[in-house]
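**Student:** One structure coming up, written as structure tokens, with questions to follow.
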There are 2 protein chains.
Amino acid sequence: MPPPAERKHARKPRTRTPGQVTIAEVAAKAGVSAITVSRALQTPERVSAELRARIEQVVRELGYVPNRAARTLASARSHTVVVLVPSLSNTVFIDTLNGIYDVLRPQGYQLLIGNTHYSPAEEERLLTTYRAYNPDGFLITGGDHSSATRRLLAESGTPTVYMMELDEEHAGPHDLCVGLSQKEAAQTMTRYLLERGYRRIAFLAAQLDPRTLQRREGYRQVLRAAGRYDPAREVAVPDPSTVGLGAELLDRLLRQAPDCDAVFCCNDDLAQGALFQCQRRGLRVPGQLAIAGFNDLAASAWTVPSITTIATPRYAIGHEAARMLLEAIAGHTPSRTRLDLGFTLMARESA
Amino acid sequence: MPPPAERKHARKPRTRTPGQVTIAEVAAKAGVSAITVSRALQTPERVSAELRARIEQVVRELGYVPNRAARTLASARSHTVVVLVPSLSNTVFIDTLNGIYDVLRPQGYQLLIGNTHYSPAEEERLLTTYRAYNPDGFLITGGDHSSATRRLLAESGTPTVYMMELDEEHAGPHDLCVGLSQKEAAQTMTRYLLERGYRRIAFLAAQLDPRTLQRREGYRQVLRAAGRYDPAREVAVPDPSTVGLGAELLDRLLRQAPDCDAVFCCNDDLAQGALFQCQRRGLRVPGQLAIAGFNDLAASAWTVPSITTIATPRYAIGHEAARMLLEAIAGHTPSRTRLDLGFTLMARESA
DNA sequence: CGGCGCAATGTTAGCGCTAACATGAGATCA
DNA sequence: TGATCTCATGTTAGCGCTAACATTGCGCCG
């Protein structure tokens with residue numbers, strides 16, 4: 001057995017991922033240096049056409065795929081964006097994710113998707129975890145954030161775009177926001193119901209996240225201004241909103257305020273549930289009770305009657321938020337810090 | 001200006017992510033070596049209680065978060081799992097993702113979620129991209145894969161679990177699968193409809209992915225065995241299945257086979273659309289036409305009438321697939337290679 | 001009581017890549 | 001006609017971490 005002094009350099013070579021092709025192998029086979037291969041792949045315009053072709057050929061032959069961890073470590077650019085959404089239980093945030101994905105994927109970005117379950121504490125935990133990935137940017141669903149979250153985001157110096165809301169007073173003037181005014185949308189719907197002649201308009205709310213509260217605020221403002229606000233016509237519970245909950249809340253509402261002639265649901269899940277429950281109870285919609293929703297989920301156009309609702313530009317919000325984030329990552333001073341993508345009232349049969 | 005020879009070592013220090021706390025700083029402040037900090041965080045049982053406490057204290061003080069890229073590079077363990085799903089447009093795969101997430105997150109794994117849009121070519125593209133991350137495992141939605149996909153997965157030597165299906169003949173005996181027999185589930189539903197006295201049972205299909213085709217196969221087998229199969233009662237289109245499409249397909253079916261007394265939809269989106277369309281046309285359900293679905297989406301229990309359907313254990317599939325994957329990553333020989341989680345017939349009002 | 005095993009901690013090297021600077025060969029200009 | 005610039009490519013070092021081996025100190029045993 002050799003003495004320690006000799007064994008010192010007799011280590012096994014550490015090929016951690018055996019079979020993985022490295023940039024050095026490509027470089028050797030193409031007869032160039034590693035950095036040239038790197039440049040041929042990252043900044044092709046800085047390599048002569050001839051060499052580039054040769055390198056690309058070798059890359060294809062060997063099936064070389066650059067190691068992201070190594071690239072991230074060496075360049076301090078992770079090409080990773082963290083997306084935090086409060087829920088994935090209906091398609092609302094899925095639509096937004098698709099918009100984000102369609103912008104960032106072609107640019108080589110990877111998404112780390114975190115579900116906060118509407119909890120500021122969970123959001124903070126996720127953010128701490130995701131710091132380890134040195135993300136190039138954050139896409140956060142606006143709402144209430146813990147002070148630690150705000151501090152983490154500010155201190156990180158990482159570009160951040162807030163999605164969905166524009167009403168927030170606590171968003172600083174330098175924060176980038178893309179979304180719509182939830183309050184205005186709710187005001188528009190409430191006014192529409194008044195215009196259609198409904199006078200005793202109720203409100204069903206679940207989840208009670210900031211967006212729901214802003215919608216309720218819009219509803220209240222318009223009814224108060226019209227002298228028709230009555231707190232007895234509000235039903236609000238903190239549970240996640242589902243179709244089943246909509247059915248249940250409708251029952252509660254009818255017990256609590258049997259005289260109402262319309263009900264504005266803070267989102268379409270509830271509206272669908274309320275509609276089904278009316279069918280079950282034999283209540284004519286909109287004859288005896290009108291129903292309005294929010295978000296324009298796919299099924300709402302097909303129920304009988306179809307549901308009057310507010311269509312929100314969810315895909316566009318994701319799309320534009322991602323574009324804004326890319327600009328910020330590139331270091332451009334943003335042309336605008338708030339982007340209002342509006343909403344559309346979908347007047348259908350239920351109201 | 002200094003001559004080149006002197007400037008050679010006058011480089012700016014490369015702090016790529018300024019402000020980032022490194023393991024070296026923690027080590028210095030705690031008066032230990034870097035590897036001890038690493039061990040205190042990764043394998044706490046290998047560090048004395050006293051040192052561990054001191055290190056954890058310093059970690060908290062400095063807000064140290066280990067750099068994942070560096071860890072991945074040094075250890076060849078990325079703690080990353082790639083999940084490929086064919087769609088995110090309804091909650092079917094979201095439920096599965098949640099099951100996966102709940103198992104892997106507590107273990108420190110990060111998910112890279114790819115949406116193949118039911119396209120084998122896109123799946124292959126995603127897989128190539130994701131190779132760059134050196135994932136520790138793959139969770140793939142069973143179905144048809146390109147030969148290149150199968151080769152990539154086999155050659156990578158990375159543990160892989162297939163989800164959703166058990167019917168595949170082309171799954172090798174060593175492949176790990178978690179799911180249910182789509183065919184059996186469809187057979188069960190078709191038999192149920194026969195038992196309830198329906199005799200002219202139609203089938204609506206969209207998307208035409210492998211799971212849909214297996215369901216149709218189950219439907220056909222049972223009807224053929226009962227001598228009641230009639231191809232005219234099948235409507236199949238390749239479009240993604242949505243509630244709206246369900247309405248449209250019902251119209252087509254009634255034109256094509258007006259005599260049918262029940263319709264089995266290959267999933268609940270279609271079933272809901274079909275139900276709404278019946279309501280619109282004034283067809284009594286189940287009186288004039290019975291409707292059955294597949295997947296038991298949340299709303300199906302609340303429509304009027306509620307929809308008879310097959311409940312699939314989607315969350316459990318994700319959960320068990322992730323657990324199986326963890327075992328495989330740990331190098332254990334799997335106790336079983338196929339796990340059948342079954343299904344439940346939800347007998348409701350629509351049939 | 002010397003050798004051994006074991007537990008706790010340290011030293012060294014290197015994972016695969018790219019930033020920063022260096023070099024050399026033309027092109028450009030006064 | 002040399003000084004300067006530009007472009008294409010190369011050399012060197014190091015990103016932050018952990019595997020592998022080394023070292024130290026202690027208890028234990030025959």
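Scheme for the structure tokens: letters A, B, ... for chains in order shown; per-chain residue numbers from 1; ligand numbers from 1 in order shown.
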Among range 125-314 of chain B, which ones does DSSP place in strand (DSSP E), written as a PyMOL selection string?
**Tutor:** chain B and resi 137-141+160-165+176-180+201-205+234-236+262-265+290-292+309-311
**Student:** Export, as an mmCIF file, in the first residue's frame, the selected residues with C-alpha atoms.
**Tutor:**
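To be explicit, this is the file written out as out_28.cif:
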```cif
data_model
loop_
_atom_site.group_PDB
_atom_site.id
_atom_site.type_symbol
_atom_site.label_atom_id
_atom_site.label_comp_id
_atom_site.auth_asym_id
_atom_site.auth_seq_id
_atom_site.Cartn_x
_atom_site.Cartn_y
_atom_site.Cartn_z
ATOM 1 C CA GLY B 137 -35.940 12.548 -11.751
ATOM 2 C CA PHE B 138 -38.715 12.713 -14.299
ATOM 3 C CA LEU B 139 -42.462 12.496 -13.801
ATOM 4 C CA ILE B 140 -44.065 11.952 -17.170
ATOM 5 C CA THR B 141 -47.717 11.789 -18.052
ATOM 6 C CA THR B 160 -38.597 8.162 -14.279
ATOM 7 C CA VAL B 161 -42.178 7.524 -13.216
ATOM 8 C CA TYR B 162 -45.058 7.458 -15.666
ATOM 9 C CA MET B 163 -48.358 8.794 -14.406
ATOM 10 C CA MET B 164 -52.029 8.253 -15.181
ATOM 11 C CA GLU B 165 -52.126 5.133 -17.299
ATOM 12 C CA LEU B 176 -42.490 2.727 -12.933
ATOM 13 C CA CYS B 177 -46.160 3.550 -13.439
ATOM 14 C CA VAL B 178 -48.822 4.989 -11.177
ATOM 15 C CA GLY B 179 -52.370 5.453 -12.322
ATOM 16 C CA LEU B 180 -55.504 3.655 -13.187
ATOM 17 C CA ILE B 201 -75.522 4.750 -25.594
ATOM 18 C CA ALA B 202 -73.458 7.338 -27.473
ATOM 19 C CA PHE B 203 -69.877 8.458 -26.882
ATOM 20 C CA LEU B 204 -68.466 11.980 -27.153
ATOM 21 C CA ALA B 205 -64.714 12.347 -27.415
ATOM 22 C CA GLU B 234 -69.740 8.109 -31.709
ATOM 23 C CA VAL B 235 -68.626 11.679 -32.183
ATOM 24 C CA ALA B 236 -64.904 12.335 -31.921
ATOM 25 C CA ALA B 262 -77.633 8.159 -23.113
ATOM 26 C CA VAL B 263 -74.322 9.805 -23.837
ATOM 27 C CA PHE B 264 -71.013 8.976 -22.220
ATOM 28 C CA CYS B 265 -68.603 11.907 -22.481
ATOM 29 C CA ALA B 290 -78.872 10.492 -19.776
ATOM 30 C CA ILE B 291 -75.411 12.028 -19.468
ATOM 31 C CA ALA B 292 -72.258 10.571 -17.965
ATOM 32 C CA THR B 309 -69.085 10.423 -13.590
ATOM 33 C CA ILE B 310 -65.902 8.524 -12.796
ATOM 34 C CA ALA B 311 -63.830 10.016 -9.988
#
```
**Student:** Return the neighbours of chain D among the residues of chain B, cut-off 8 Å, counting only C-alpha atoms (C1' of nucleotides), as a ChimeraX atom specification.
**Tutor:** /B:14,16,22-23,35,38,67,70-71,73-75
**Student:** Neighbours of Gln110 in chain A within 7 Å (only C-alpha atoms (C1' of nucleotides); same-chain residues fewer than 5 positions away dropped), as number ranges by chain?
**Tutor:** A: 79-81, 105
**Student:** Using only C-alpha atoms, what table do you get, as JSON lines, when you list each residue of chain A with an atom no more than 6 Å from chain B, its nearest pair of atoms, and their distance in Å rounded to one decimal, rows by chain then rising number?
**Tutor:**
```
{"residue": "A:Arg16", "atom": "CA", "partner": "B:Ala76", "partner_atom": "CA", "distance": 5.3}
{"residue": "A:Val65", "atom": "CA", "partner": "B:Ala132", "partner_atom": "CA", "distance": 5.7}
{"residue": "A:Pro66", "atom": "CA", "partner": "B:Ala132", "partner_atom": "CA", "distance": 5.8}
{"residue": "A:Asn67", "atom": "CA", "partner": "B:Ala132", "partner_atom": "CA", "distance": 4.9}
{"residue": "A:Arg68", "atom": "CA", "partner": "B:Ala132", "partner_atom": "CA", "distance": 5.4}
{"residue": "A:Ala69", "atom": "CA", "partner": "B:Ala69", "partner_atom": "CA", "distance": 4.5}
{"residue": "A:Leu73", "atom": "CA", "partner": "B:Ala69", "partner_atom": "CA", "distance": 5.8}
{"residue": "A:Ala76", "atom": "CA", "partner": "B:Arg16", "partner_atom": "CA", "distance": 5.3}
{"residue": "A:Ala132", "atom": "CA", "partner": "B:Asn67", "partner_atom": "CA", "distance": 4.9}
{"residue": "A:Tyr133", "atom": "CA", "partner": "B:Arg68", "partner_atom": "CA", "distance": 5.5}
{"residue": "A:Val243", "atom": "CA", "partner": "B:Ala299", "partner_atom": "CA", "distance": 5.8}
{"residue": "A:Phe276", "atom": "CA", "partner": "B:Thr303", "partner_atom": "CA", "distance": 5.5}
{"residue": "A:Ala299", "atom": "CA", "partner": "B:Val243", "partner_atom": "CA", "distance": 5.8}
{"residue": "A:Thr303", "atom": "CA", "partner": "B:Phe276", "partner_atom": "CA", "distance": 5.5}
```
**Student:** Considering only C-alpha atoms (C1' of nucleotides), tabulate each residue of chain C that lies at most 10 Å from chain B along with its nearest interatomic pair and the corresponding distance in Å to one decimal; arrange the rows by chain and ascending residue number and present them as a tab-separated table.
**Tutor:**
```
residue	atom	partner	partner_atom	distance
C:DA7	C1'	B:Arg46	CA	8.4
C:DA8	C1'	B:Val47	CA	6.7
C:DT9	C1'	B:Thr36	CA	7.1
C:DG10	C1'	B:Ser33	CA	6.9
C:DT11	C1'	B:Ser33	CA	9.6
C:DG14	C1'	B:Ala74	CA	8.2
C:DC15	C1'	B:Ala74	CA	4.7
C:DG16	C1'	B:Leu73	CA	7.5
C:DA19	C1'	B:Arg14	CA	8.0
C:DA20	C1'	B:Arg11	CA	7.2
C:DC21	C1'	B:Lys8	CA	7.2
C:DA22	C1'	B:Lys8	CA	8.6
```
**Student:** So the first atom is CA of Ala328 in chain A and the second is CA of Thr158 in chain A; what is the distance between them in Å, to one decimal place?
**Tutor:**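 Between CA of Ala328 in chain A and CA of Thr158 in chain A the gap is 9.1 Å.
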**Student:** One decimal, in Å: what's the spacing between CA of Ala40 in chain B and CA of Val59 in chain B?
**Tutor:**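 Value for the CA of Ala40 in chain B-CA of Val59 in chain B distance: 10.4 Å.
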**Student:** Considering only helix (DSSP H, G or I) as DSSP defines it on the backbone, what residues of range 7-79 of chain B qualify? List them as a PyMOL selection string.
**Tutor:** chain B and resi 7+23-30+34-42+44-46+49-62+68-75
**Student:** Generate a file of the selected residues that holds N, CA and C atoms, formatted as a tab-separated table (two decimals), in the first residue's frame.
**Tutor:**
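Output file part22.tsv follows:
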```tsv
chain	number	residue	atom	x	y	z
B	7	ARG	N	-0.80	44.96	-14.86
B	7	ARG	CA	-2.26	44.99	-14.82
B	7	ARG	C	-2.85	43.58	-14.76
B	23	ILE	N	-20.96	30.99	1.97
B	23	ILE	CA	-20.67	30.05	3.04
B	23	ILE	C	-19.36	30.43	3.75
B	24	ALA	N	-18.46	31.03	3.00
B	24	ALA	CA	-17.16	31.42	3.57
B	24	ALA	C	-17.35	32.47	4.67
B	25	GLU	N	-18.26	33.41	4.42
B	25	GLU	CA	-18.50	34.44	5.42
B	25	GLU	C	-19.10	33.85	6.70
B	26	VAL	N	-20.02	32.93	6.50
B	26	VAL	CA	-20.61	32.27	7.66
B	26	VAL	C	-19.53	31.53	8.43
B	27	ALA	N	-18.69	30.80	7.69
B	27	ALA	CA	-17.62	30.02	8.32
B	27	ALA	C	-16.69	30.91	9.11
B	28	ALA	N	-16.29	32.03	8.50
B	28	ALA	CA	-15.37	32.94	9.17
B	28	ALA	C	-15.98	33.46	10.47
B	29	LYS	N	-17.21	33.91	10.38
B	29	LYS	CA	-17.84	34.50	11.55
B	29	LYS	C	-18.07	33.47	12.67
B	30	ALA	N	-18.29	32.23	12.26
B	30	ALA	CA	-18.52	31.19	13.27
B	30	ALA	C	-17.21	30.56	13.73
B	34	ALA	N	-15.47	26.08	6.02
B	34	ALA	CA	-16.67	26.11	5.18
B	34	ALA	C	-17.38	24.76	5.17
B	35	ILE	N	-16.60	23.70	5.13
B	35	ILE	CA	-17.22	22.39	5.03
B	35	ILE	C	-18.06	22.08	6.27
B	36	THR	N	-17.64	22.62	7.39
B	36	THR	CA	-18.42	22.38	8.60
B	36	THR	C	-19.78	23.07	8.53
B	37	VAL	N	-19.78	24.27	7.96
B	37	VAL	CA	-21.05	24.96	7.76
B	37	VAL	C	-21.92	24.13	6.82
B	38	SER	N	-21.32	23.69	5.75
B	38	SER	CA	-22.05	22.87	4.79
B	38	SER	C	-22.67	21.67	5.49
B	39	ARG	N	-21.86	21.01	6.30
B	39	ARG	CA	-22.37	19.82	6.99
B	39	ARG	C	-23.45	20.17	8.01
B	40	ALA	N	-23.25	21.28	8.69
B	40	ALA	CA	-24.25	21.66	9.69
B	40	ALA	C	-25.62	21.85	9.05
B	41	LEU	N	-25.60	22.26	7.77
B	41	LEU	CA	-26.87	22.51	7.10
B	41	LEU	C	-27.41	21.28	6.38
B	42	GLN	N	-26.50	20.47	5.83
B	42	GLN	CA	-26.95	19.33	5.03
B	42	GLN	C	-27.10	18.05	5.84
B	44	PRO	N	-26.86	17.60	9.62
B	44	PRO	CA	-26.64	18.16	10.96
B	44	PRO	C	-26.13	17.12	11.96
B	45	GLU	N	-26.49	15.87	11.76
B	45	GLU	CA	-26.09	14.85	12.73
B	45	GLU	C	-24.59	14.57	12.71
B	46	ARG	N	-23.91	15.09	11.72
B	46	ARG	CA	-22.47	14.86	11.65
B	46	ARG	C	-21.67	16.03	12.23
B	49	ALA	N	-23.31	19.20	18.59
B	49	ALA	CA	-24.46	20.06	18.91
B	49	ALA	C	-24.02	21.50	19.14
B	50	GLU	N	-22.89	21.63	19.79
B	50	GLU	CA	-22.41	22.97	20.15
B	50	GLU	C	-22.12	23.80	18.90
B	51	LEU	N	-21.30	23.22	18.01
B	51	LEU	CA	-20.95	23.93	16.78
B	51	LEU	C	-22.19	24.21	15.95
B	52	ARG	N	-23.04	23.21	15.88
B	52	ARG	CA	-24.25	23.35	15.06
B	52	ARG	C	-25.05	24.57	15.51
B	53	ALA	N	-25.21	24.69	16.82
B	53	ALA	CA	-25.98	25.82	17.35
B	53	ALA	C	-25.32	27.14	16.96
B	54	ARG	N	-23.98	27.18	17.08
B	54	ARG	CA	-23.28	28.42	16.78
B	54	ARG	C	-23.47	28.78	15.30
B	55	ILE	N	-23.32	27.76	14.46
B	55	ILE	CA	-23.44	28.00	13.02
B	55	ILE	C	-24.85	28.46	12.66
B	56	GLU	N	-25.83	27.78	13.23
B	56	GLU	CA	-27.22	28.15	12.91
B	56	GLU	C	-27.50	29.59	13.33
B	57	GLN	N	-26.91	29.97	14.44
B	57	GLN	CA	-27.05	31.34	14.92
B	57	GLN	C	-26.50	32.33	13.88
B	58	VAL	N	-25.28	32.04	13.41
B	58	VAL	CA	-24.65	32.94	12.44
B	58	VAL	C	-25.44	32.96	11.14
B	59	VAL	N	-25.93	31.80	10.73
B	59	VAL	CA	-26.74	31.72	9.50
B	59	VAL	C	-27.93	32.66	9.61
B	60	ARG	N	-28.58	32.62	10.74
B	60	ARG	CA	-29.74	33.48	10.95
B	60	ARG	C	-29.35	34.96	10.94
B	61	GLU	N	-28.25	35.25	11.65
B	61	GLU	CA	-27.81	36.65	11.72
B	61	GLU	C	-27.51	37.22	10.35
B	62	LEU	N	-26.83	36.43	9.53
B	62	LEU	CA	-26.41	36.96	8.23
B	62	LEU	C	-27.47	36.75	7.16
B	68	ARG	N	-27.98	27.55	-4.81
B	68	ARG	CA	-28.34	26.26	-5.39
B	68	ARG	C	-27.47	25.88	-6.58
B	69	ALA	N	-27.10	26.86	-7.36
B	69	ALA	CA	-26.30	26.54	-8.55
B	69	ALA	C	-24.96	25.95	-8.11
B	70	ALA	N	-24.37	26.56	-7.12
B	70	ALA	CA	-23.08	26.07	-6.64
B	70	ALA	C	-23.23	24.68	-6.04
B	71	ARG	N	-24.29	24.49	-5.31
B	71	ARG	CA	-24.51	23.20	-4.68
B	71	ARG	C	-24.70	22.12	-5.75
B	72	THR	N	-25.49	22.45	-6.73
B	72	THR	CA	-25.76	21.49	-7.80
B	72	THR	C	-24.47	21.14	-8.53
B	73	LEU	N	-23.68	22.16	-8.81
B	73	LEU	CA	-22.45	21.93	-9.56
B	73	LEU	C	-21.49	21.05	-8.77
B	74	ALA	N	-21.40	21.34	-7.49
B	74	ALA	CA	-20.42	20.62	-6.67
B	74	ALA	C	-20.88	19.20	-6.34
B	75	SER	N	-22.16	19.01	-6.23
B	75	SER	CA	-22.63	17.72	-5.72
B	75	SER	C	-23.24	16.82	-6.77
```
**Student:** As an exercise, work out the distance from CA of Arg191 in chain B to CA of Gln221 in chain B in Å and give it to one decimal place.
**Tutor:**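 Between CA of Arg191 in chain B and CA of Gln221 in chain B the gap works out to 10.2 Å.
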